[in-house]
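Step one of this worksheet: look at the structure below.
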Amino acid sequence: MKNGSTINSLQAALLEKADLRRVRSDPNFWYPVAWSREVRPGKALGVQFAGHPLVVVRPTNGAPYALDGLCPHKQVPLSKGAVCGDFISCLAHGLKYDRKGQCVSQNGAADAGLLRLKPWACREKDGLIFVFMGNQALAETKPLPDFPRVRDKRYRTRRFGQVVNCHYSFMHENLMDMNHQVLHSRLVGKMKPRFLGMDRGEDFVEARYTFARTGGKQPLSEALIYGQRRKDGRDFAYRDVMTIRTQYPYQTLRIETQGIDEPVMELWISYVPQDRQELTNRVFGLLSIKRLKVPFLLDLAWPVLVAFTERVFFEDREIVELEQQAWKELGGDHNVEVFPVILALRQLLRDRGVSPPQGE
Amino acid sequence: MKNGSTINSLQAALLEKADLRRVRSDPNFWYPVAWSREVRPGKALGVQFAGHPLVVVRPTNGAPYALDGLCPHKQVPLSKGAVCGDFISCLAHGLKYDRKGQCVSQNGAADAGLLRLKPWACREKDGLIFVFMGNQALAETKPLPDFPRVRDKRYRTRRFGQVVNCHYSFMHENLMDMNHQVLHSRLVGKMKPRFLGMDRGEDFVEARYTFARTGGKQPLSEALIYGQRRKDGRDFAYRDVMTIRTQYPYQTLRIETQGIDEPVMELWISYVPQDRQELTNRVFGLLSIKRLKVPFLLDLAWPVLVAFTERVFFEDREIVELEQQAWKELGGDHNVEVFPVILALRQLLRDRGVSPPQGE
Amino acid sequence: MKNGSTINSLQAALLEKADLRRVRSDPNFWYPVAWSREVRPGKALGVQFAGHPLVVVRPTNGAPYALDGLCPHKQVPLSKGAVCGDFISCLAHGLKYDRKGQCVSQNGAADAGLLRLKPWACREKDGLIFVFMGNQALAETKPLPDFPRVRDKRYRTRRFGQVVNCHYSFMHENLMDMNHQVLHSRLVGKMKPRFLGMDRGEDFVEARYTFARTGGKQPLSEALIYGQRRKDGRDFAYRDVMTIRTQYPYQTLRIETQGIDEPVMELWISYVPQDRQELTNRVFGLLSIKRLKVPFLLDLAWPVLVAFTERVFFEDREIVELEQQAWKELGGDHNVEVFPVILALRQLLRDRGVSPPQGE
C-alpha cells in the first residue's frame, strides 16, 4: 500500500476533478435533522438541509411532519409560529397550513389557494427525526439507517453532536485517519496505531487499525471501554481492532477486543450539511458502549465518559475548522494527502457526492 | 375586491417590473434625519441618507445646516470635529468649513480653494430636522410635512423610532396589513379585523378597517386610547375605524371612534433609508393621543402607553427583519401577496420610487 | 512651496496611476514580524506578512527560524503544534519538520518526501525578529535596520505597537503631516507648527517642522522630553526641530533642541502588512528618549510617558482607521491632498511599492 505510484495515480485522479470541498451531499438518503426530544408535542422546530429551510412540526397527536420552512406569503420562518392541533400557523399574519403544506386560512382577503408549502418525507426512529430531501418518489425505496445497539439493553448509548463549521468531507477524513491520535495524546496518552488494511466498494471505504500504548497512562474512560475486561491491566498492545467505515453518507467506528464476541464500542455518525455551500455541518452521533459485568458500573462512570468524549470531540472540531478556514483563505483544496486509505475515502466522497451548481 | 383575476393581474404587473425591495426612495421630498434634541447648539451630528453621509451642524447661534459628511481632504467624518461659532472644523487636521461648505482654513500649505463640501437644503420643524436630498432647486417648492396635532394641547405626542434592518417597503406593508394583528395577540388580545375598503390615487393608498374583540381582555393602554370613552366597557365591536394611509413617502394611521369628532389617535411616520441599497431604514414616528376628560390622566398613564407601543414596535421589527433576511437569503422577493390593498400599496411604492442603479 | 501649479501637476501625476491604497509593500526588505519576547525557547508563533502565513520557531537551543505557516498535509497552522528540539511538529497528525522545512516523519503510510515547507530568511536583532519575504537570493545583500539608540545607555527605549486596520500609506501620511497636531490638542495643548522645508530622494522624503505653543499648558510628559532642559519654562517657541522621514519602507521621527548635540527623542517605526490586500498593518515602534541629567528621573516618569504615548497613538489610530473606512465605503481614494510634502510622500510610496495583482 505504500507504493508511491499508487499514491500518485490516485492524486492525479483527484486533481482532474472538482475541489472535493465543493462537492455536495447526495440528497437521496435519509438524513437526521433533529433529535426527537427537540420537538415536543405541539411544537415546531426550524432546521436546515444544505441551505433549504425546513420546519419540523410535531402535532399535539401523531407523527411529526416536515414542510418548507418559510411561509410563502412573506417568507417569515414558520418555526416562529404556533402549532394548533395538526396545523402550523405563521406568526406574522396567522396563515394556517396542514401537514400537506396547503394553506387552510380564510382570514381577510387571503386567497389561500396560492399559498402552498412543499411537504418532505419525514420519519422518526430511535430518537432521531429524519427527512428525505431528494426525489420524493424514492423515499420509500431507501432504508432508514438502523442502530440495533441503541435498543439493546446490553449497551448504553450516548447521543451527541453539534454544529461544526466545515464541509462534511473533513469530518470523514478526520475520523478515518488514525494518525490524528497524536492530537488527543494529552487525553489518551501516547498511542501508536498500526494500520491493518483497508477495504473498499462502490459505496464504502473501511479502514482497520490496532493500537499499542507507547507512553502515558491509560485514562479511566478508556479502561471503562475495554481495560477491565483483561486480567493483565495496561498491557493491551495490539489486541484491539478499530474498524472505521464510511458507508456513504454515514460513518461508523467499531472497537472489538480479543475474547469478546460483540463490539465493546460502536459509533454511528451523520454529518448533515447546513448551509447551501455545505461548509457547515450538524453532527448527529450515537455512541453505544457495552455494559460491564458489574451491573451499573458503566452508569456510575457515565459522566466521566461523557466528559472524555466531549473533550475528544472539542479537539477534533478545532482541527477540522482550522482545515476549513485554511481552505477558505487559500481559495481551494491544497491537501497533500499521503495516506492511501484517505485518498480512497476522498475518491468515494467525490464519486458519491453531487457536483456543485454551475459557477460555484 | 376579492376577485381572483384582479389579484392575478396586479401580481402579473408587479412581476414584470424590478424587485420592489430594490426600488429606491424618491429623494425629491423632505426627509427627517434627526430629532432636534439630538443636535444641541454648538454640536454636530453625523447622519446618513441612502448611503450618503451628512453632517448636521447647529451653530452656537442660528438655524442648523447640513453638509456632505466627510472632509474632502481625507474623508474623515466631520461629525467627529468641533463647531466653532458658525463653522465646523475637522478633527484630523483642523480644516474649517462655513455653512456653504467652503473651506476657510489657511493653516500650513493648505490650498483651501480645492476643499469644498456640498451644502444641502435643511429645515427644522416640530422637533425634527429635515433635509432635501434631491434636486436642490426643487426644495423650496416642496412643502414640509405638517403635524397639527403635535402643537395641539388637546393631544399628547410621543416621538419614537429606531433603526430597522429592512427596506422601507416592508414597513409600509406591515403597518397597512391588519391581518398582522395576530402577531400582537399576546399584547392586545384576539382582535378580528374587518376590512371596510380602500382608496387609491396617484400618490397614496388608504385602507380602512374596523375591529371586533373575539377574545382576551382589553389592555389598559388600549383603554386609555378609547376604552373609557364608552359606558359599555369591553363591548366595542366594530365602532372604531382605523385608517392607514401611505401618502408617498410618508405613512399615517388614524383611529376614530363613534361620537367623537376628532381622531383619538394619529400617527405620522417616515422611513428614512440609511445605506446605499436602502436595506436599512431609520424610523421617525410621531404618535399623538387625544387627552382624556379627566385632566392629567393621560400623563399619569403615559409610561404604560410608552411601554405598550415599544412592545408592539419590537414585535413588528422582528417580523420585518425576518422578511428582509429571507429576501437576502433567497436572493429576491418571493412574496405571494394575496391581499388587494397590499398589492395596490406595492404598486404605489414601485411607481413613486426610483429605479435601482444599473447592475443592482 | 505653496505654488498651486506644483500641487496640480503632482496631483495629476498621482491620478494617472493606480489607487495608492492598493499599492503593495516591496517584499525585498527586512520586515519585523515579532518581538523577540513573543517567541520563547521551545515555542512557535504564527504571524502574517501580506496574507502569507508564517510560523516563527525558536528551538530549545539556537536562533529562531521562519517557515510557511501551514502544514502542507492539511493546512493546519503549525503554530498550534509543538517544538521538539530543533523541529516543529503539527498538532493534527504529528508530522515533523526541520528548520529547512523538510518533513522528517515516518509515521504510518506518510510519504514524507511530498511534504515540504518553504523556509524564509530570518534574523533577530535588538529584540525584534525580522523576515525577508522577497527574492531569497537578495536577503544577504540587504541590510537589517539599525537602531543605535536602543543599545545606548544614555537613552531609554519603549517598544510599542499593535494592529491597525488601515493600509500602511495612511500611517506614513499621518505621522508626516504635522497639521494633524490639532488632533492631539487636548493632550498636548495648542501647538502651531511651522514647516521648515522638505527634502526628497529616490527612496526617501523628509519633512522638518518647528513648533510654537499658542495655548494650553505644556504637559508633563512633553516637559520630560525637552521642557526641563530650558531655564525659561514655557517659552520655547520655535527652538525645537522635528524631522520626520520616510526611508522606504520604514519611518523615523527625530526631535532636536537648541544647545543639545544629540536628539532628545528618536522614533523608528515599521508598518508590516498583515492581510493579502494590505489593508491592515501591524506597527513595530521603537521610541528612544534621552535620559535627563538627574539620574533615574526618566525612569520614574516612565509610566506617565507610556500613558501619554498610548493616548496619542490611540487618537492617531482612530483617524487612520476612519480614513481607511471611508476608502472602503467610497470604493477608492478620494483624497484632495493640498500639502506638498504629503504629495511627495504619496509619490514615493507609489514609486517604491509594488503594483496590486491583476484584477484588484
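Ligands are numbered from 1 in the order shown, chains are lettered A, B, ... in the order of the C-alpha cells, and residues start at 1 in each chain.
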
For the contact check between chain B and chain C, emit one row per residue of chain B within 12 Å, containing the shortest atom pair and the distance in Å rounded to one decimal, counting only C-alpha atoms, chain then rising number order, as a tab-separated table.
```
residue	atom	partner	partner_atom	distance
B:Gly51	CA	C:Glu329	CA	8.9
B:His52	CA	C:Leu330	CA	9.9
B:Pro53	CA	C:Ala326	CA	10.1
B:Gly69	CA	C:Ala326	CA	10.7
B:Leu70	CA	C:Ala326	CA	8.2
B:Cys71	CA	C:Asn335	CA	9.2
B:Pro72	CA	C:Val336	CA	6.1
B:His73	CA	C:Val336	CA	4.7
B:Lys74	CA	C:Asn335	CA	4.9
B:Gln75	CA	C:Glu323	CA	5.8
B:Val76	CA	C:Glu323	CA	5.6
B:Pro77	CA	C:Leu322	CA	7.5
B:Leu78	CA	C:Leu322	CA	10.9
B:Ser79	CA	C:Leu322	CA	11.8
B:Lys80	CA	C:Ile319	CA	9.7
B:Gly81	CA	C:Leu183	CA	9.3
B:Ala82	CA	C:Leu183	CA	10.8
B:Ser89	CA	C:Val182	CA	10.3
B:Cys90	CA	C:Leu183	CA	8.8
B:Leu91	CA	C:Leu183	CA	5.6
B:Ala92	CA	C:Leu183	CA	5.3
B:His93	CA	C:His180	CA	4.3
B:Gly94	CA	C:Val182	CA	5.9
B:Leu95	CA	C:Asn179	CA	9.2
B:Lys96	CA	C:Val182	CA	11.8
B:Ser105	CA	C:Asn179	CA	11.4
B:Gln106	CA	C:Asn179	CA	11.1
B:Asn107	CA	C:Asn179	CA	7.5
B:Gly108	CA	C:Asn179	CA	7.1
B:Ala109	CA	C:Phe339	CA	5.3
B:Ala110	CA	C:Val338	CA	5.0
B:Asp111	CA	C:Val338	CA	5.6
B:Ala112	CA	C:Val338	CA	7.9
B:Gly113	CA	C:Val338	CA	9.6
B:Leu114	CA	C:Val336	CA	7.3
B:Leu115	CA	C:Val336	CA	7.3
B:Arg116	CA	C:Val336	CA	10.0
B:Leu117	CA	C:Val336	CA	11.8
B:Asp275	CA	C:Glu329	CA	10.5
B:Arg276	CA	C:Glu329	CA	9.9
```

Please write the residues from the selection above to a file, keeping N, CA, C and O atoms, as a compact mmCIF listing (two decimals), in the first residue's frame.
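So the final result, stored in result-v7.txt, reads:
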```txt
# COMPACT_ATOMS: atom_id res chain seq x y z
N GLY B 51 -27.02 56.00 2.14
CA GLY B 51 -25.59 55.80 1.96
C GLY B 51 -24.80 57.09 1.78
O GLY B 51 -23.57 57.04 1.70
N HIS B 52 -25.49 58.20 1.72
CA HIS B 52 -24.80 59.49 1.59
C HIS B 52 -24.55 60.04 2.99
O HIS B 52 -25.48 60.38 3.70
N PRO B 53 -23.27 60.14 3.40
CA PRO B 53 -23.02 60.66 4.75
C PRO B 53 -23.22 62.18 4.79
O PRO B 53 -22.79 62.88 3.87
N GLY B 69 -20.94 64.78 4.59
CA GLY B 69 -20.45 64.40 5.92
C GLY B 69 -18.96 64.14 6.05
O GLY B 69 -18.46 64.01 7.17
N LEU B 70 -18.24 64.01 4.92
CA LEU B 70 -16.82 63.67 5.02
C LEU B 70 -15.96 64.83 4.57
O LEU B 70 -16.22 65.45 3.53
N CYS B 71 -14.93 65.13 5.32
CA CYS B 71 -13.97 66.16 4.95
C CYS B 71 -13.33 65.76 3.60
O CYS B 71 -12.86 64.63 3.44
N PRO B 72 -13.31 66.65 2.61
CA PRO B 72 -12.78 66.26 1.30
C PRO B 72 -11.28 65.97 1.31
O PRO B 72 -10.78 65.30 0.41
N HIS B 73 -10.61 66.44 2.36
CA HIS B 73 -9.17 66.21 2.41
C HIS B 73 -8.84 64.73 2.54
O HIS B 73 -8.21 64.13 1.69
N LYS B 74 -9.30 64.13 3.63
CA LYS B 74 -9.01 62.71 3.83
C LYS B 74 -10.23 61.90 4.23
O LYS B 74 -10.11 60.81 4.81
N GLN B 75 -11.40 62.43 3.96
CA GLN B 75 -12.65 61.68 4.14
C GLN B 75 -12.92 61.28 5.60
O GLN B 75 -13.61 60.29 5.86
N VAL B 76 -12.37 62.04 6.52
CA VAL B 76 -12.70 61.80 7.93
C VAL B 76 -14.08 62.41 8.21
O VAL B 76 -14.37 63.51 7.73
N PRO B 77 -14.95 61.71 8.94
CA PRO B 77 -16.28 62.27 9.21
C PRO B 77 -16.21 63.60 9.96
O PRO B 77 -15.57 63.68 11.02
N LEU B 78 -16.88 64.60 9.42
CA LEU B 78 -16.86 65.92 10.07
C LEU B 78 -17.59 65.91 11.40
O LEU B 78 -17.35 66.76 12.25
N SER B 79 -18.48 64.94 11.58
CA SER B 79 -19.21 64.88 12.86
C SER B 79 -18.27 64.64 14.03
O SER B 79 -18.63 64.89 15.18
N LYS B 80 -17.05 64.16 13.76
CA LYS B 80 -16.05 63.98 14.82
C LYS B 80 -15.40 65.31 15.20
O LYS B 80 -14.66 65.38 16.18
N GLY B 81 -15.60 66.33 14.37
CA GLY B 81 -14.92 67.61 14.57
C GLY B 81 -15.61 68.50 15.58
O GLY B 81 -16.46 68.06 16.35
N ALA B 82 -15.23 69.79 15.56
CA ALA B 82 -15.74 70.74 16.55
C ALA B 82 -16.48 71.86 15.85
O ALA B 82 -16.09 72.29 14.75
N SER B 89 -15.09 72.33 12.12
CA SER B 89 -13.72 72.04 11.73
C SER B 89 -13.42 70.56 11.92
O SER B 89 -13.95 69.90 12.81
N CYS B 90 -12.54 70.03 11.07
CA CYS B 90 -12.28 68.59 11.05
C CYS B 90 -11.33 68.20 12.18
O CYS B 90 -10.35 68.88 12.45
N LEU B 91 -11.65 67.07 12.78
CA LEU B 91 -10.82 66.55 13.87
C LEU B 91 -9.38 66.30 13.44
O LEU B 91 -8.43 66.56 14.18
N ALA B 92 -9.19 65.83 12.20
CA ALA B 92 -7.88 65.30 11.85
C ALA B 92 -6.83 66.39 11.64
O ALA B 92 -5.74 66.32 12.21
N HIS B 93 -7.16 67.39 10.83
CA HIS B 93 -6.16 68.42 10.51
C HIS B 93 -6.67 69.82 10.75
O HIS B 93 -6.04 70.79 10.34
N GLY B 94 -7.85 69.96 11.37
CA GLY B 94 -8.34 71.29 11.74
C GLY B 94 -8.91 72.10 10.60
O GLY B 94 -9.20 73.29 10.78
N LEU B 95 -9.10 71.52 9.42
CA LEU B 95 -9.67 72.28 8.30
C LEU B 95 -11.08 72.74 8.67
O LEU B 95 -11.88 71.96 9.18
N LYS B 96 -11.38 74.03 8.39
CA LYS B 96 -12.61 74.65 8.88
C LYS B 96 -13.52 75.01 7.72
O LYS B 96 -13.06 75.53 6.71
N SER B 105 -9.89 77.62 6.02
CA SER B 105 -8.62 77.49 6.76
C SER B 105 -7.47 78.06 5.96
O SER B 105 -7.49 78.04 4.73
N GLN B 106 -6.46 78.51 6.66
CA GLN B 106 -5.23 78.93 5.99
C GLN B 106 -4.02 78.27 6.66
O GLN B 106 -2.92 78.79 6.62
N ASN B 107 -4.25 77.12 7.28
CA ASN B 107 -3.14 76.52 8.04
C ASN B 107 -2.16 75.80 7.13
O ASN B 107 -2.55 75.05 6.24
N GLY B 108 -0.88 76.05 7.37
CA GLY B 108 0.17 75.38 6.63
C GLY B 108 0.05 75.66 5.14
O GLY B 108 -0.29 76.76 4.74
N ALA B 109 0.34 74.67 4.38
CA ALA B 109 0.38 74.83 2.94
C ALA B 109 -0.98 74.56 2.30
O ALA B 109 -1.07 74.45 1.10
N ALA B 110 -1.99 74.43 3.11
CA ALA B 110 -3.29 74.01 2.57
C ALA B 110 -3.81 75.02 1.55
O ALA B 110 -3.88 76.22 1.83
N ASP B 111 -4.19 74.56 0.38
CA ASP B 111 -4.81 75.38 -0.65
C ASP B 111 -6.31 75.19 -0.50
O ASP B 111 -6.91 74.29 -1.07
N ALA B 112 -6.91 76.06 0.33
CA ALA B 112 -8.28 75.84 0.75
C ALA B 112 -9.27 75.85 -0.42
O ALA B 112 -10.35 75.28 -0.32
N GLY B 113 -8.88 76.49 -1.52
CA GLY B 113 -9.80 76.59 -2.65
C GLY B 113 -10.25 75.24 -3.19
O GLY B 113 -11.36 75.10 -3.70
N LEU B 114 -9.39 74.22 -3.04
CA LEU B 114 -9.74 72.89 -3.55
C LEU B 114 -10.71 72.15 -2.64
O LEU B 114 -11.24 71.11 -3.01
N LEU B 115 -10.86 72.67 -1.43
CA LEU B 115 -11.62 71.93 -0.42
C LEU B 115 -13.01 72.53 -0.29
O LEU B 115 -13.18 73.66 0.16
N ARG B 116 -14.00 71.77 -0.63
CA ARG B 116 -15.35 72.28 -0.73
C ARG B 116 -16.32 71.13 -0.49
O ARG B 116 -16.14 70.04 -1.02
N LEU B 117 -17.32 71.42 0.33
CA LEU B 117 -18.35 70.41 0.64
C LEU B 117 -19.66 70.85 0.05
O LEU B 117 -19.99 72.05 0.09
N ASP B 275 -28.58 53.04 4.33
CA ASP B 275 -27.47 52.59 3.48
C ASP B 275 -27.81 52.81 2.00
O ASP B 275 -28.96 53.08 1.65
N ARG B 276 -26.80 52.66 1.17
CA ARG B 276 -26.95 52.92 -0.25
C ARG B 276 -27.98 51.99 -0.88
O ARG B 276 -28.73 52.40 -1.77
```

Exercise for review: Check region 239-332 of chain A with DSSP on the backbone and list each residue it calls strand (DSSP E), as a PyMOL selection string.
Suggested key: chain A and resi 241-247+250-256+265-273+281-290

Atoms kept (C-alpha atoms) for selection, written as a PDB file, in the first residue's frame:
```pdb
ATOM      1  CA  VAL A 241      -9.151  -3.754  16.446  1.00  0.00           C
ATOM      2  CA  MET A 242     -10.759  -0.490  15.468  1.00  0.00           C
ATOM      3  CA  THR A 243     -12.778  -0.508  12.248  1.00  0.00           C
ATOM      4  CA  ILE A 244     -13.760   2.798  10.725  1.00  0.00           C
ATOM      5  CA  ARG A 245     -16.129   2.738   7.804  1.00  0.00           C
ATOM      6  CA  THR A 246     -17.672   5.381   5.627  1.00  0.00           C
ATOM      7  CA  GLN A 247     -20.833   3.798   4.267  1.00  0.00           C
ATOM      8  CA  TYR A 250     -22.840   7.792   7.085  1.00  0.00           C
ATOM      9  CA  GLN A 251     -19.775   6.809   9.079  1.00  0.00           C
ATOM     10  CA  THR A 252     -19.250   4.170  11.763  1.00  0.00           C
ATOM     11  CA  LEU A 253     -16.453   3.252  14.157  1.00  0.00           C
ATOM     12  CA  ARG A 254     -16.344  -0.113  15.920  1.00  0.00           C
ATOM     13  CA  ILE A 255     -13.927  -1.460  18.515  1.00  0.00           C
ATOM     14  CA  GLU A 256     -13.565  -5.180  19.040  1.00  0.00           C
ATOM     15  CA  MET A 265     -17.974   0.162  21.347  1.00  0.00           C
ATOM     16  CA  GLU A 266     -19.895   1.200  18.279  1.00  0.00           C
ATOM     17  CA  LEU A 267     -20.361   4.691  16.896  1.00  0.00           C
ATOM     18  CA  TRP A 268     -22.789   5.796  14.179  1.00  0.00           C
ATOM     19  CA  ILE A 269     -22.436   9.321  12.923  1.00  0.00           C
ATOM     20  CA  SER A 270     -24.023  11.511  10.255  1.00  0.00           C
ATOM     21  CA  TYR A 271     -22.826  14.921   9.061  1.00  0.00           C
ATOM     22  CA  VAL A 272     -25.766  16.952   7.834  1.00  0.00           C
ATOM     23  CA  PRO A 273     -24.989  19.972   5.634  1.00  0.00           C
ATOM     24  CA  ASN A 281     -22.489  20.545   9.109  1.00  0.00           C
ATOM     25  CA  ARG A 282     -24.509  19.422  12.079  1.00  0.00           C
ATOM     26  CA  VAL A 283     -23.280  16.218  13.658  1.00  0.00           C
ATOM     27  CA  PHE A 284     -25.698  13.546  14.874  1.00  0.00           C
ATOM     28  CA  GLY A 285     -23.805  10.823  16.695  1.00  0.00           C
ATOM     29  CA  LEU A 286     -24.884   7.669  18.556  1.00  0.00           C
ATOM     30  CA  LEU A 287     -22.127   6.160  20.686  1.00  0.00           C
ATOM     31  CA  SER A 288     -23.041   2.746  22.118  1.00  0.00           C
ATOM     32  CA  ILE A 289     -20.838   1.151  24.776  1.00  0.00           C
ATOM     33  CA  LYS A 290     -21.194  -2.392  26.012  1.00  0.00           C
TER      34      LYS A 290
END
```

Residues at most 12 Å from Gln136 (chain C), counting only C-alpha atoms, excluding those fewer than 3 positions away in the same chain, as a compact mmCIF listing (two decimals) with N, CA, C and O atoms, in the first residue's frame?
```
# COMPACT_ATOMS: atom_id res chain seq x y z
N PRO C 27 8.49 43.49 -1.01
CA PRO C 27 8.92 42.46 -0.05
C PRO C 27 10.44 42.34 0.06
O PRO C 27 10.92 41.63 0.94
N ASN C 28 11.18 43.04 -0.80
CA ASN C 28 12.63 42.89 -0.77
C ASN C 28 13.28 43.79 0.28
O ASN C 28 14.23 44.53 0.00
N PHE C 29 12.73 43.76 1.47
CA PHE C 29 13.28 44.44 2.64
C PHE C 29 13.09 43.51 3.83
O PHE C 29 12.27 42.59 3.79
N TRP C 30 13.82 43.80 4.88
CA TRP C 30 13.62 43.07 6.13
C TRP C 30 12.49 43.72 6.91
O TRP C 30 12.56 44.91 7.21
N LYS C 118 8.29 25.92 2.65
CA LYS C 118 9.31 26.86 2.22
C LYS C 118 9.90 27.58 3.44
O LYS C 118 9.15 28.12 4.26
N PRO C 119 11.24 27.57 3.55
CA PRO C 119 11.87 28.34 4.62
C PRO C 119 12.13 29.78 4.16
O PRO C 119 12.36 30.01 2.97
N TRP C 120 12.09 30.72 5.09
CA TRP C 120 12.27 32.13 4.77
C TRP C 120 13.42 32.70 5.59
O TRP C 120 13.58 32.36 6.76
N ALA C 121 14.21 33.57 4.96
CA ALA C 121 15.33 34.22 5.67
C ALA C 121 14.80 34.91 6.91
O ALA C 121 13.79 35.62 6.86
N CYS C 122 15.48 34.70 8.02
CA CYS C 122 15.00 35.18 9.33
C CYS C 122 16.20 35.66 10.15
O CYS C 122 17.24 34.98 10.18
N VAL C 131 11.89 39.02 9.03
CA VAL C 131 11.94 38.08 7.92
C VAL C 131 12.13 38.86 6.62
O VAL C 131 11.86 40.07 6.55
N PHE C 132 12.60 38.14 5.63
CA PHE C 132 12.81 38.71 4.29
C PHE C 132 11.94 37.90 3.35
O PHE C 132 12.20 36.72 3.11
N MET C 133 10.88 38.51 2.83
CA MET C 133 9.86 37.76 2.10
C MET C 133 9.99 37.90 0.59
O MET C 133 9.16 37.37 -0.15
N ALA C 139 18.48 38.41 0.18
CA ALA C 139 18.39 38.65 1.62
C ALA C 139 19.74 39.08 2.20
O ALA C 139 19.82 40.05 2.99
N GLU C 140 20.78 38.40 1.80
CA GLU C 140 22.10 38.70 2.38
C GLU C 140 22.59 40.09 1.98
O GLU C 140 23.38 40.71 2.69
N THR C 141 22.14 40.55 0.82
CA THR C 141 22.65 41.85 0.32
C THR C 141 21.94 43.03 0.94
O THR C 141 22.39 44.15 0.82
N LYS C 142 20.82 42.80 1.57
CA LYS C 142 20.04 43.92 2.12
C LYS C 142 20.33 44.04 3.61
O LYS C 142 20.21 43.05 4.34
```

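Of note, CA of Phe130 (chain A) and CA of Val104 (chain A) are spaced 26.1 Å apart.
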
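Picture a line from CA of Met198 (chain C) to CA of Arg21 (chain C); it runs 23.4 Å.
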
If DSSP is run on the backbone, what residues of region 39-222 of chain A are alpha helix (DSSP H)? A reply as a ChimeraX atom specification would be ideal.
/A:168-176,185-188,220-222

- Within 6 Å of His167 (chain A), counting only C-alpha atoms, which residues qualify if same-chain residues fewer than 5 places away don't, as a PyMOL selection string? chain A and resi 278-280

If you keep C-alpha atoms, can you produce a file of those selected residues as a tab-separated table (two decimals), in the first residue's frame?
```tsv
chain	number	residue	atom	x	y	z
A	278	GLU	CA	-22.26	22.80	2.72
A	279	LEU	CA	-19.37	24.45	4.58
A	280	THR	CA	-21.12	23.86	7.87
```

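Straight-line separation from CA of Tyr97 (chain B) to CA of Tyr168 (chain C): 28.6 Å.
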
Residue contacts of region 350-360 of chain B (6 Å, only C-alpha atoms) excluding same-chain residues fewer than 2 positions away, as an MDAnalysis selection string: chainID B and resid 22:26 347:348
